[in-house]
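Asks: Below you'll find upload_36.csv; it's CSV, C-alpha atoms.
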chain,number,residue,atom,x,y,z
A,231,MET,CA,0.0,0.0,0.0
A,232,GLN,CA,1.4,3.4,-1.0
A,233,ASN,CA,1.8,5.8,1.9
A,234,PRO,CA,0.4,9.3,1.5
A,235,GLN,CA,2.8,11.6,-0.4
A,236,GLU,CA,1.4,14.7,1.3
A,237,VAL,CA,-0.7,15.5,4.4
A,238,ASN,CA,-2.9,18.5,4.9
A,239,TRP,CA,-3.6,19.0,8.6
A,240,ASP,CA,-6.2,21.6,9.7
A,241,LEU,CA,-4.8,22.3,13.1
A,242,THR,CA,-7.8,24.3,14.3
A,243,TYR,CA,-11.1,25.6,13.0
A,244,ALA,CA,-10.6,28.9,14.9
A,245,CYS,CA,-10.0,31.8,12.5
A,246,PRO,CA,-10.2,35.6,12.5
A,247,LEU,CA,-11.7,35.6,9.0
A,248,ARG,CA,-15.0,34.5,7.5
A,249,CYS,CA,-14.1,33.4,4.0
A,250,THR,CA,-17.1,32.9,1.7
A,251,HIS,CA,-15.6,29.7,0.1
A,252,CYS,CA,-14.2,28.1,3.3
A,253,TYR,CA,-14.3,24.3,2.9
A,254,SER,CA,-13.9,23.8,6.6
A,255,GLU,CA,-16.3,26.5,7.8
A,256,SER,CA,-13.6,27.8,10.1
A,257,GLY,CA,-14.5,30.7,12.4
A,258,ARG,CA,-18.1,29.6,12.4
A,259,ARG,CA,-17.8,26.4,14.4
A,260,PRO,CA,-16.0,25.0,17.4
A,261,SER,CA,-12.2,24.9,16.9
A,262,ARG,CA,-11.9,21.2,17.8
A,263,GLN,CA,-8.3,21.9,18.5
A,264,LEU,CA,-6.4,19.3,20.5
A,265,SER,CA,-4.1,19.8,23.4
A,266,MET,CA,-0.4,20.0,22.5
A,267,ALA,CA,0.2,16.5,23.9
A,268,ASP,CA,-2.5,15.0,21.6
A,269,MET,CA,-1.3,17.0,18.7
A,270,GLU,CA,2.2,15.5,19.2
A,271,LYS,CA,0.6,12.1,19.2
A,272,VAL,CA,-1.2,12.8,15.9
A,273,ALA,CA,2.1,14.2,14.5
A,274,ASP,CA,4.0,11.0,15.5
A,275,ALA,CA,1.3,8.9,13.8
A,276,LEU,CA,1.7,11.0,10.6
A,277,ILE,CA,5.4,10.8,10.8
A,278,SER,CA,5.1,7.0,10.8
A,279,LEU,CA,3.6,7.2,7.4
A,280,GLY,CA,6.6,9.0,6.0
A,281,PRO,CA,5.0,11.6,3.8
A,282,ARG,CA,7.1,13.9,1.7
A,283,ALA,CA,5.5,17.0,3.2
A,284,VAL,CA,2.9,18.1,5.7
A,285,GLN,CA,0.9,21.3,5.3
A,286,PHE,CA,-0.5,23.1,8.3
A,287,SER,CA,-3.8,24.8,7.5
A,288,GLY,CA,-7.1,25.6,9.2
A,289,GLY,CA,-8.6,27.8,10.3
A,290,GLU,CA,-5.6,29.9,11.1
A,291,PRO,CA,-2.6,27.8,12.2
A,292,LEU,CA,-0.9,30.7,13.9
A,293,LEU,CA,-3.7,30.8,16.5
A,294,VAL,CA,-2.2,27.5,17.8
A,295,LYS,CA,0.2,28.1,20.7
A,296,ASP,CA,3.7,26.7,20.0
A,297,VAL,CA,2.7,25.7,16.4
A,298,HIS,CA,6.4,26.2,15.5
A,299,LYS,CA,7.4,23.5,17.9
A,300,LEU,CA,4.9,21.1,16.3
A,301,ALA,CA,6.3,21.9,12.9
A,302,GLN,CA,9.9,21.3,14.2
A,303,ARG,CA,8.8,17.8,15.2
A,304,PHE,CA,8.2,17.0,11.5
A,305,ARG,CA,11.3,18.8,10.4
A,306,LYS,CA,13.5,16.7,12.7
A,307,ALA,CA,12.0,13.6,11.0
A,308,GLY,CA,13.1,14.9,7.6
A,309,ILE,CA,9.6,16.0,6.5
A,310,GLY,CA,9.0,19.4,5.0
A,311,VAL,CA,6.3,21.5,6.6
A,312,GLY,CA,4.4,24.3,4.8
A,313,LEU,CA,2.4,27.0,6.6
A,314,PHE,CA,-0.9,28.2,5.0
A,315,THR,CA,-1.9,31.5,6.6
A,316,SER,CA,-4.1,34.5,6.0
A,317,GLY,CA,-1.2,36.7,7.3
A,318,TRP,CA,-3.6,38.2,9.9
A,319,LEU,CA,-1.3,37.2,12.7
A,320,LEU,CA,2.1,37.1,10.9
A,321,THR,CA,4.2,40.0,12.2
A,322,GLU,CA,7.8,40.9,13.1
A,323,ARG,CA,7.1,39.5,16.6
A,324,ASN,CA,6.6,35.9,15.5
A,325,LEU,CA,8.6,36.0,12.3
A,326,ASP,CA,11.7,34.2,13.7
A,327,ASP,CA,9.6,31.3,15.1
A,328,VAL,CA,7.8,30.9,11.7
A,329,LEU,CA,11.0,31.0,9.6
A,330,GLY,CA,12.8,28.7,12.0
A,331,ALA,CA,10.1,26.1,11.8
A,332,PHE,CA,8.6,26.0,8.4
A,333,SER,CA,10.1,25.0,5.0
A,334,HIS,CA,7.6,27.1,3.0
A,335,VAL,CA,5.1,29.8,3.9
A,336,HIS,CA,1.9,30.2,1.7
A,337,LEU,CA,0.0,33.4,2.2
A,338,SER,CA,-3.7,33.7,1.0
A,339,LEU,CA,-4.5,36.7,-1.1
A,340,ASP,CA,-7.8,36.6,-2.9
A,341,GLY,CA,-7.7,39.9,-4.8
A,342,ALA,CA,-5.6,42.7,-6.1
A,343,THR,CA,-7.4,45.3,-4.0
A,344,ALA,CA,-8.8,45.5,-0.5
A,345,ALA,CA,-12.4,45.8,-1.9
A,346,VAL,CA,-12.2,42.4,-3.6
A,347,HIS,CA,-10.0,40.5,-1.1
A,348,ASP,CA,-11.8,41.7,2.0
A,349,ARG,CA,-15.2,40.9,0.6
A,350,ILE,CA,-14.2,37.3,-0.2
A,351,ARG,CA,-12.3,36.9,3.0
A,352,GLY,CA,-15.1,38.3,5.1
A,353,ARG,CA,-13.3,40.9,7.2
A,354,ALA,CA,-12.3,44.5,6.6
A,355,GLY,CA,-8.6,45.1,6.9
A,356,SER,CA,-7.6,41.5,5.9
A,357,PHE,CA,-6.0,42.8,2.7
A,358,GLY,CA,-3.8,45.3,4.6
A,359,ARG,CA,-2.7,42.6,7.1
A,360,ALA,CA,-1.8,40.2,4.2
A,361,ILE,CA,0.2,42.9,2.4
A,362,HIS,CA,2.1,43.8,5.6
A,363,ALA,CA,2.9,40.1,6.2
A,364,LEU,CA,4.2,39.8,2.6
A,365,GLY,CA,6.4,42.8,3.2
A,366,VAL,CA,7.7,41.2,6.4
A,367,LEU,CA,8.5,38.0,4.6
A,368,ASP,CA,10.1,39.8,1.7
A,369,GLU,CA,12.4,41.8,3.9
A,370,ALA,CA,13.4,38.7,5.8
A,371,ALA,CA,14.2,36.9,2.5
A,372,ARG,CA,16.3,39.9,1.4
A,373,ARG,CA,18.4,39.7,4.6
A,374,SER,CA,18.8,35.9,4.4
A,375,GLY,CA,19.8,35.7,0.8
A,376,ASP,CA,20.3,32.1,-0.4
A,377,THR,CA,19.2,30.6,2.9
A,378,ALA,CA,15.8,32.4,2.8
A,379,VAL,CA,12.6,30.4,3.5
A,380,PRO,CA,10.5,30.4,0.3
A,381,PHE,CA,7.2,32.2,0.5
A,382,GLY,CA,4.4,32.5,-1.9
A,383,ILE,CA,0.9,33.9,-2.6
A,384,ASP,CA,-2.0,31.5,-2.9
A,385,CYS,CA,-5.2,32.9,-4.5
A,386,THR,CA,-8.4,31.0,-4.4
A,387,LEU,CA,-10.4,31.8,-7.6
A,388,VAL,CA,-14.1,32.4,-7.8
A,389,ARG,CA,-16.1,34.3,-10.4
A,390,SER,CA,-15.9,37.6,-8.7
A,391,ASN,CA,-12.1,37.6,-8.5
A,392,PHE,CA,-11.3,35.7,-11.7
A,393,GLY,CA,-10.4,39.0,-13.4
A,394,ASP,CA,-7.9,39.9,-10.7
A,395,MET,CA,-5.2,37.4,-11.7
A,396,GLU,CA,-3.3,39.8,-14.0
A,397,PRO,CA,-3.5,42.9,-11.7
A,398,LEU,CA,-2.6,40.7,-8.7
A,399,CYS,CA,0.6,39.7,-10.5
A,400,ARG,CA,1.3,43.0,-12.1
A,401,ASP,CA,0.4,45.4,-9.2
A,402,VAL,CA,0.8,43.4,-6.1
A,403,ALA,CA,3.1,40.4,-6.4
A,404,SER,CA,5.7,42.4,-8.4
A,405,ARG,CA,6.1,44.6,-5.3
A,406,PHE,CA,7.9,41.8,-3.5
A,407,PRO,CA,11.1,41.0,-5.4
A,408,HIS,CA,11.9,37.9,-3.2
A,409,LEU,CA,8.5,36.3,-3.7
A,410,ALA,CA,9.1,32.6,-4.7
A,411,SER,CA,5.7,31.8,-6.2
A,412,VAL,CA,2.2,32.8,-7.0
A,413,SER,CA,-0.5,30.1,-7.2
A,414,PHE,CA,-4.1,30.4,-8.5
A,415,GLY,CA,-6.5,27.6,-7.7
A,416,ALA,CA,-10.2,27.3,-8.4
A,417,ALA,CA,-12.5,27.0,-5.4
A,418,VAL,CA,-14.0,23.5,-5.3
A,419,PRO,CA,-17.6,22.6,-4.2
A,420,GLY,CA,-16.8,21.7,-0.6
A,421,GLY,CA,-17.9,23.2,2.6
A,422,LEU,CA,-19.3,26.8,2.3
A,423,ALA,CA,-18.4,26.7,-1.4
A,424,ASN,CA,-21.2,24.2,-1.9
A,425,ARG,CA,-24.0,25.9,0.1
A,426,LYS,CA,-27.2,27.1,-1.6
A,427,GLY,CA,-26.5,29.7,-4.2
A,428,TYR,CA,-22.7,29.5,-4.2
A,429,ALA,CA,-22.3,27.3,-7.3
A,430,GLN,CA,-24.7,29.5,-9.2
A,431,HIS,CA,-23.0,32.8,-8.3
A,432,GLU,CA,-19.4,32.1,-7.5
A,433,LEU,CA,-17.9,28.7,-8.5
A,434,LEU,CA,-16.0,29.0,-11.8
A,435,GLY,CA,-17.6,28.0,-15.1
A,436,ASP,CA,-16.2,25.1,-17.1
A,437,GLN,CA,-14.6,27.5,-19.7
A,438,GLN,CA,-12.8,29.2,-16.8
A,439,LEU,CA,-11.6,25.9,-15.4
A,440,ASP,CA,-10.3,24.9,-18.9
A,441,GLU,CA,-8.4,28.2,-19.0
A,442,LEU,CA,-6.8,27.4,-15.7
A,443,ALA,CA,-5.8,23.9,-16.9
A,444,GLY,CA,-4.1,25.1,-20.1
A,445,PRO,CA,-0.6,26.5,-20.4
A,446,LYS,CA,-1.4,29.8,-22.1
A,447,LEU,CA,-2.7,31.5,-18.9
A,448,SER,CA,0.3,30.7,-16.7
A,449,ARG,CA,2.7,31.8,-19.4
A,450,ARG,CA,0.9,35.2,-19.7
A,451,LEU,CA,0.9,35.7,-16.0
A,452,ALA,CA,4.6,34.7,-15.7
A,453,GLY,CA,5.4,37.6,-18.0
A,454,LEU,CA,4.0,40.0,-15.4
A,455,LEU,CA,6.2,38.7,-12.5
A,456,PRO,CA,9.9,38.9,-11.7
A,457,PRO,CA,11.9,36.1,-13.4
A,458,ALA,CA,12.6,34.4,-10.1
A,459,THR,CA,8.9,34.2,-9.2
A,460,SER,CA,7.1,31.1,-10.5
A,461,VAL,CA,3.4,30.9,-11.3
A,462,GLN,CA,1.0,28.0,-11.2
A,463,THR,CA,-2.7,27.6,-12.1
A,464,PHE,CA,-4.9,24.8,-10.8
A,465,ASP,CA,-8.4,23.9,-12.0
A,466,GLY,CA,-9.2,21.9,-8.8
A,467,ARG,CA,-10.4,18.8,-10.8
A,468,ALA,CA,-7.7,16.7,-9.3
A,469,LEU,CA,-9.6,16.8,-6.0
A,470,GLN,CA,-12.8,15.6,-7.6
A,471,MET,CA,-11.8,11.9,-7.5
A,472,HIS,CA,-13.6,11.2,-10.7
A,473,PRO,CA,-13.0,7.6,-11.7
A,474,ASP,CA,-11.7,8.6,-15.2
A,475,LEU,CA,-9.2,11.1,-13.6
A,476,ILE,CA,-8.0,8.4,-11.2
A,477,ALA,CA,-7.5,6.0,-14.1
A,478,ARG,CA,-5.4,8.7,-15.9
A,479,GLY,CA,-3.3,9.4,-12.8
A,480,TYR,CA,-4.5,13.0,-12.5
A,481,ALA,CA,-6.4,12.7,-9.2
A,482,MET,CA,-4.7,13.6,-6.0
A,483,THR,CA,-5.0,10.2,-4.5
A,484,GLY,CA,-1.8,10.6,-2.5
A,485,LEU,CA,-3.1,13.5,-0.3
A,486,MET,CA,-4.3,12.8,3.2
A,487,GLN,CA,-6.6,15.3,4.9
A,488,VAL,CA,-6.6,15.4,8.7
A,489,GLU,CA,-9.2,17.4,10.8
A,490,PRO,CA,-8.1,19.3,14.0
A,491,ASP,CA,-9.1,16.5,16.3
A,492,GLY,CA,-7.1,13.8,14.4
A,493,GLN,CA,-10.0,12.5,12.3
A,494,VAL,CA,-9.0,11.5,8.8
A,495,ARG,CA,-11.2,12.4,5.9
A,496,GLY,CA,-12.2,9.7,3.4
A,497,MET,CA,-11.5,12.2,0.6
A,498,PRO,CA,-9.8,15.6,1.0
A,499,MET,CA,-12.6,17.9,-0.1
A,500,TYR,CA,-15.5,15.9,0.9
A,501,GLU,CA,-17.2,15.4,4.3
A,502,GLY,CA,-17.0,12.0,6.0
A,503,THR,CA,-14.1,10.5,8.0
A,504,VAL,CA,-12.7,7.1,8.4
A,505,GLY,CA,-11.4,7.2,12.0
A,506,CYS,CA,-9.1,9.0,14.4
A,507,LEU,CA,-5.4,9.0,14.5
A,508,LEU,CA,-5.6,9.0,18.3
A,509,ASP,CA,-7.5,5.7,18.4
A,510,GLU,CA,-6.3,3.6,15.4
A,511,PRO,CA,-3.1,3.0,13.5
A,512,ALA,CA,-2.3,5.5,10.9
A,513,ARG,CA,-1.8,2.9,8.2
A,514,THR,CA,-5.3,1.4,8.9
A,515,LEU,CA,-6.9,4.8,8.4
A,516,TRP,CA,-4.9,5.6,5.3
A,517,SER,CA,-6.0,2.2,3.8
A,518,ARG,CA,-9.6,3.1,4.4
A,519,ALA,CA,-9.1,6.6,2.9
A,520,ARG,CA,-7.4,5.0,-0.2
A,521,ASP,CA,-10.5,2.8,-0.6
A,522,ARG,CA,-13.1,5.6,-0.3
A,523,PRO,CA,-12.7,6.9,-3.9
A,524,GLN,CA,-13.2,3.3,-5.2
A,525,SER,CA,-16.4,2.7,-3.3
A,526,ALA,CA,-19.4,1.9,-5.3
A,527,PHE,CA,-21.3,5.0,-4.1
A,528,VAL,CA,-18.5,7.4,-5.0
A,529,VAL,CA,-17.9,5.8,-8.4
A,530,GLU,CA,-21.6,5.8,-9.3
A,531,THR,CA,-22.1,9.4,-8.1
A,532,LEU,CA,-19.1,10.9,-9.8
A,533,HIS,CA,-19.0,8.9,-13.1
A,534,PRO,CA,-21.6,11.0,-15.0
A,535,VAL,CA,-20.1,14.3,-13.8
A,536,ARG,CA,-18.8,16.5,-16.6
A,537,THR,CA,-19.5,20.1,-15.5
A,538,MET,CA,-18.9,22.2,-12.4
A,539,SER,CA,-22.6,22.3,-11.6
A,540,GLU,CA,-22.8,18.5,-11.9
A,541,TRP,CA,-19.8,18.2,-9.6
A,542,ALA,CA,-21.4,20.5,-7.0
A,543,GLU,CA,-24.6,18.3,-7.0
A,544,ALA,CA,-22.5,15.1,-6.7
A,545,ALA,CA,-20.5,16.6,-3.9
A,546,ARG,CA,-23.7,17.3,-1.9
A,547,ARG,CA,-24.8,13.7,-2.3
A,548,ILE,CA,-21.4,12.4,-1.2
A,549,ASP,CA,-21.3,14.7,1.8
A,550,HIS,CA,-24.7,13.7,2.9
A,551,HIS,CA,-24.0,10.0,2.4
A,552,PHE,CA,-20.7,9.8,4.3
A,553,GLY,CA,-21.2,12.6,6.8
A,554,SER,CA,-22.3,11.9,10.3
A,555,ASP,CA,-25.6,13.1,11.8
A,556,SER,CA,-23.8,16.2,13.1
A,557,VAL,CA,-22.3,16.9,9.7
A,558,ARG,CA,-25.7,16.6,8.0
A,559,GLU,CA,-27.1,19.0,10.6
A,560,ARG,CA,-24.3,21.5,9.9
A,561,ILE,CA,-24.9,21.3,6.2
A,562,ALA,CA,-28.6,21.9,6.7
A,563,ALA,CA,-27.9,24.9,8.9
A,564,ARG,CA,-25.6,26.7,6.3
A,565,ALA,CA,-27.0,30.1,5.4
A,566,PRO,CA,-27.5,30.6,1.7
A,567,PHE,CA,-24.8,32.6,-0.1
A,568,VAL,CA,-25.6,36.3,-0.6
A,569,PRO,CA,-23.5,37.8,-3.5
A,570,HIS,CA,-21.4,40.8,-2.7
A,571,ALA,CA,-22.1,40.9,1.0
A,572,SER,CA,-20.0,43.4,2.9
A,573,PRO,CA,-17.2,42.1,5.2
A,574,ASP,CA,-17.4,42.4,9.0
A,575,LEU,CA,-16.2,45.8,10.3
Re-express the file's structure as C-alpha cells.
Replies:
Amino acid sequence: MQNPQEVNWDLTYACPLRCTHCYSESGRRPSRQLSMADMEKVADALISLGPRAVQFSGGEPLLVKDVHKLAQRFRKAGIGVGLFTSGWLLTERNLDDVLGAFSHVHLSLDGATAAVHDRIRGRAGSFGRAIHALGVLDEAARRSGDTAVPFGIDCTLVRSNFGDMEPLCRDVASRFPHLASVSFGAAVPGGLANRKGYAQHELLGDQQLDELAGPKLSRRLAGLLPPATSVQTFDGRALQMHPDLIARGYAMTGLMQVEPDGQVRGMPMYEGTVGCLLDEPARTLWSRARDRPQSAFVVETLHPVRTMSEWAEAARRIDHHFGSDSVRERIAARAPFVPHASPDL
C-alpha cells in the first residue's frame, strides 16, 4: 500500500476571517483543537507514514500556541512543513519562530485590491494585514539571501475575482522581489463553497476551469512577474476523485486530509471521516481513505459528472451519504450565499 505523499492537517477551525468559500467553515464552528500532547501524538502517527510533506492549514494555524514546535517535530523527522496562513497574525514579533520552523510559507490573497479581497475573506482590513505580512517575509528573505525560507501567494479563484489574476501579478506580487511563487487555484464545491447559491453565483464555469488547466494563462501571468517568481494555475479537478481522472493518474490520491481532532477524511474535499489517529493505527486509516474513492457509491455518483454544476450536486450527495448526523445538521444549517455581501467591520 502506497503511503500518502502529502498530508494537509487543519490544526484548528478557529479563524479571524470568514471566507465565503471556506471548505472547513472555520470561524463559524468549534475549533476542535487538540491539546499539544495530543497534537504531538497525531504528529507522530503521521510521521510513521513517511509523507514527503505536511501542510499546516485551518482555520488559522498561527492561532495554535507553539505551532512552530509542532512543525519542528516533523522537520526533525526529515519531513517538509508548509504553513498556509491568511497573514492576519504574521508579524515581526513571531517571524523568527515561523521562519525557524517552516520550510515554506503560503499566504492567502484573494484579490488585487482591498475591496475584492476583504469581501471574499469576510473581514475588513484583511488585505492590509496580508500585504504587511508579505512585506515582512520579503524583507526577511532579502536579509537571508540564499538561505531564505521560500514564501508565496495563494489565490483561491471564484467568479468575482477571476479577473484579478493579472492585476494581482502586475500590481501586487511584483512589489515583493523575493517572492518565490504565485498560485491560482479554483475554489472547489466543498464546505461553504457548496452551500445554496454558491455554485450558481461564484464557482467558476467550465470554460474558466479549462483556461486554468491550459498552459497559455500561466505563461501570460509569468510575464508580469519577476523572473525568479514562478506561477501555477490549478483547476481543482484533481480533487474531484472522478474515476476517469483516477485512471489517468490525474487525481490527488496521495493526499491525506486530517481534521483538527485527528479525524482522517475519506477524501480531502468531501465530508465524512474514516477514523481518528488517536484511536487507530495511521496505516489502517490511510488504507480506508485509499478505498473511499473506489467505493461503489462514489464511483456511481461521480461517473456522470462533466461540469462544475454537476460536480457540485454530486459533492452534496457524497457529503450527505458519508457525513455523520452532526455533519448533516451542519450542512442543513448553512446560510445561503448572498452575493457581494459586505465584510465584517
Asks: Sorted by chain and rising residue number, which residues of region 455-563 of chain A lie within 12 Å of region 380-387 of chain A, and what are their closest atom pairs and distances in Å to one decimal, counting all atoms listed in the file, as a tab-separated table?
Replies:
residue	atom	partner	partner_atom	distance
A:Ala458	CA	A:Pro380	CA	11.3
A:Thr459	CA	A:Gly382	CA	8.7
A:Ser460	CA	A:Gly382	CA	9.1
A:Val461	CA	A:Ile383	CA	9.5
A:Gln462	CA	A:Asp384	CA	9.5
A:Thr463	CA	A:Cys385	CA	9.6
A:Phe464	CA	A:Leu387	CA	9.5
A:Asp465	CA	A:Leu387	CA	9.3
A:Gly466	CA	A:Leu387	CA	10.0
Asks: Give me, as number ranges by chain, all polymer residues having an atom no more than 7 Å from region 344-351 of chain A, counting all atoms listed in the file and skipping those fewer than 3 positions away in the same chain.
Replies: A: 247-250, 339-341, 354-357, 391, 571-573
Asks: For region 523-526 of chain A, please output as a PyMOL selection string all residues within 10 Å (counting only C-alpha atoms; exclusion window: fewer than 2 positions along the same chain).
Replies: chain A and resi 470-473+476+483+496-497+518-521+528-532
Asks: Mind checking which residues fall within 10 Å of Gly308 (chain A), counting only C-alpha atoms, ignoring those fewer than 5 positions away in the same chain, and posting them as a PyMOL selection string?
Replies: chain A and resi 277+280-283+302-303
Asks: Using all atoms listed in the file for the distances, tell me which of A:Ser316, A:Thr537, A:Gln263, A:Ser554 is nearest to Gln437 (chain A).
Replies: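 Under the stated criterion, the closest residue is A:Thr537.
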Asks: Report, in Å to a single decimal, how far apart CA of Leu300 (chain A) and CA of Trp318 (chain A) are.
Replies: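 Separation of CA of Trp318 (chain A) and CA of Leu300 (chain A): 20.1 Å.
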Asks: Record the distance separating CA of Glu369 (chain A) and CA of Leu325 (chain A), expressed in Å with one decimal.
Replies: 10.9 Å
Asks: Using only C-alpha atoms, which protein or nucleic acid residues come within 8 Å of Pro498 (chain A)? Drop anything in the same chain fewer than 3 positions from it, and give the result as a ChimeraX atom specification.
Replies: /A:469,485-487,495
Asks: Of the residues A:Phe314, A:Phe414, A:Trp239, A:Trp541, which is the one nearest to Asp436 (chain A), using all atoms listed in the file?
Replies: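 Among the listed residues, A:Trp541 lies closest to Asp436 (chain A).
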Asks: Contacts of Leu264 (chain A) at 12 Å or less, counting all atoms listed in the file, minus same-chain residues fewer than 4 places along, as a PyMOL selection string?
Replies: chain A and resi 240-244+260+268-273+294-295+297+489-493+507-508
Asks: With distances taken over only C-alpha atoms, which residue among A:Pro246, A:Gly288, A:Gly484, A:Pro407 lies nearest Arg262 (chain A)?
Replies: A:Gly288
Asks: Using only C-alpha atoms, find the one residue out of A:Met266, A:Leu434, A:Ala307, A:Ala443 that sits nearest to Leu279 (chain A).
Replies: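 Using only C-alpha atoms, Leu279 (chain A) sits closest to A:Ala307.
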Asks: Interatomic distance between CA of Phe527 (chain A) and CA of Glu501 (chain A)?
Replies: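 A separation of 14.0 Å between them.
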Asks: Between A:Arg359, A:Arg513, A:Lys299, A:Lys306, which has the minimum distance to Thr321 (chain A) (counting only C-alpha atoms)?
Replies: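 Checking each candidate against Thr321 (chain A), we get A:Arg359 as the closest.
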Asks: Of the candidates A:Gly420, A:Gly330, A:Pro445, A:Pro569, which one gets nearest to Glu432 (chain A) if we count only C-alpha atoms?
Replies: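 Residue with the minimum atom-to-atom distance to Glu432 (chain A): A:Pro569.
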Asks: Please reconstruct the missing atoms of region 403-421 of chain A (target: N, CA and C atoms) and return them as a short mmCIF file (atom, residue, chain, number, x, y, z; two decimals), keeping the file's coordinate frame.
Replies:
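Everything below was put into selection38.cif:
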data_model
loop_
_atom_site.label_atom_id
_atom_site.label_comp_id
_atom_site.auth_asym_id
_atom_site.auth_seq_id
_atom_site.Cartn_x
_atom_site.Cartn_y
_atom_site.Cartn_z
N ALA A 403 2.00 41.32 -6.57
CA ALA A 403 3.10 40.40 -6.40
C ALA A 403 4.45 40.98 -6.85
N SER A 404 4.42 41.79 -7.86
CA SER A 404 5.70 42.40 -8.40
C SER A 404 6.32 43.33 -7.39
N ARG A 405 5.58 43.72 -6.34
CA ARG A 405 6.10 44.60 -5.30
C ARG A 405 7.08 43.89 -4.37
N PHE A 406 7.10 42.57 -4.44
CA PHE A 406 7.90 41.80 -3.50
C PHE A 406 8.94 41.00 -4.28
N PRO A 407 10.13 41.56 -4.46
CA PRO A 407 11.10 41.00 -5.40
C PRO A 407 11.63 39.59 -4.95
N HIS A 408 11.45 39.22 -3.69
CA HIS A 408 11.90 37.90 -3.20
C HIS A 408 10.83 36.87 -3.12
N LEU A 409 9.66 37.21 -3.64
CA LEU A 409 8.50 36.30 -3.70
C LEU A 409 8.88 35.06 -4.52
N ALA A 410 8.68 33.86 -3.98
CA ALA A 410 9.10 32.60 -4.70
C ALA A 410 8.01 32.17 -5.68
N SER A 411 6.73 32.35 -5.34
CA SER A 411 5.70 31.80 -6.20
C SER A 411 4.37 32.48 -6.03
N VAL A 412 3.55 32.36 -7.07
CA VAL A 412 2.20 32.80 -7.00
C VAL A 412 1.33 31.63 -7.58
N SER A 413 0.32 31.22 -6.83
CA SER A 413 -0.50 30.10 -7.20
C SER A 413 -1.97 30.50 -7.28
N PHE A 414 -2.63 30.16 -8.38
CA PHE A 414 -4.10 30.40 -8.50
C PHE A 414 -4.79 29.10 -8.64
N GLY A 415 -5.72 28.86 -7.71
CA GLY A 415 -6.50 27.60 -7.70
C GLY A 415 -7.95 27.83 -7.61
N ALA A 416 -8.72 27.11 -8.40
CA ALA A 416 -10.20 27.30 -8.40
C ALA A 416 -10.76 26.76 -7.08
N ALA A 417 -11.71 27.51 -6.53
CA ALA A 417 -12.50 27.00 -5.40
C ALA A 417 -13.25 25.76 -5.86
N VAL A 418 -13.30 24.77 -5.00
CA VAL A 418 -14.00 23.50 -5.30
C VAL A 418 -15.27 23.44 -4.49
N PRO A 419 -16.26 22.66 -4.92
CA PRO A 419 -17.60 22.60 -4.20
C PRO A 419 -17.56 21.81 -2.96
N GLY A 420 -16.86 22.33 -1.96
CA GLY A 420 -16.80 21.70 -0.60
C GLY A 420 -17.09 22.74 0.43
N GLY A 421 -17.63 22.33 1.55
CA GLY A 421 -17.90 23.20 2.60
C GLY A 421 -18.82 24.37 2.23
#
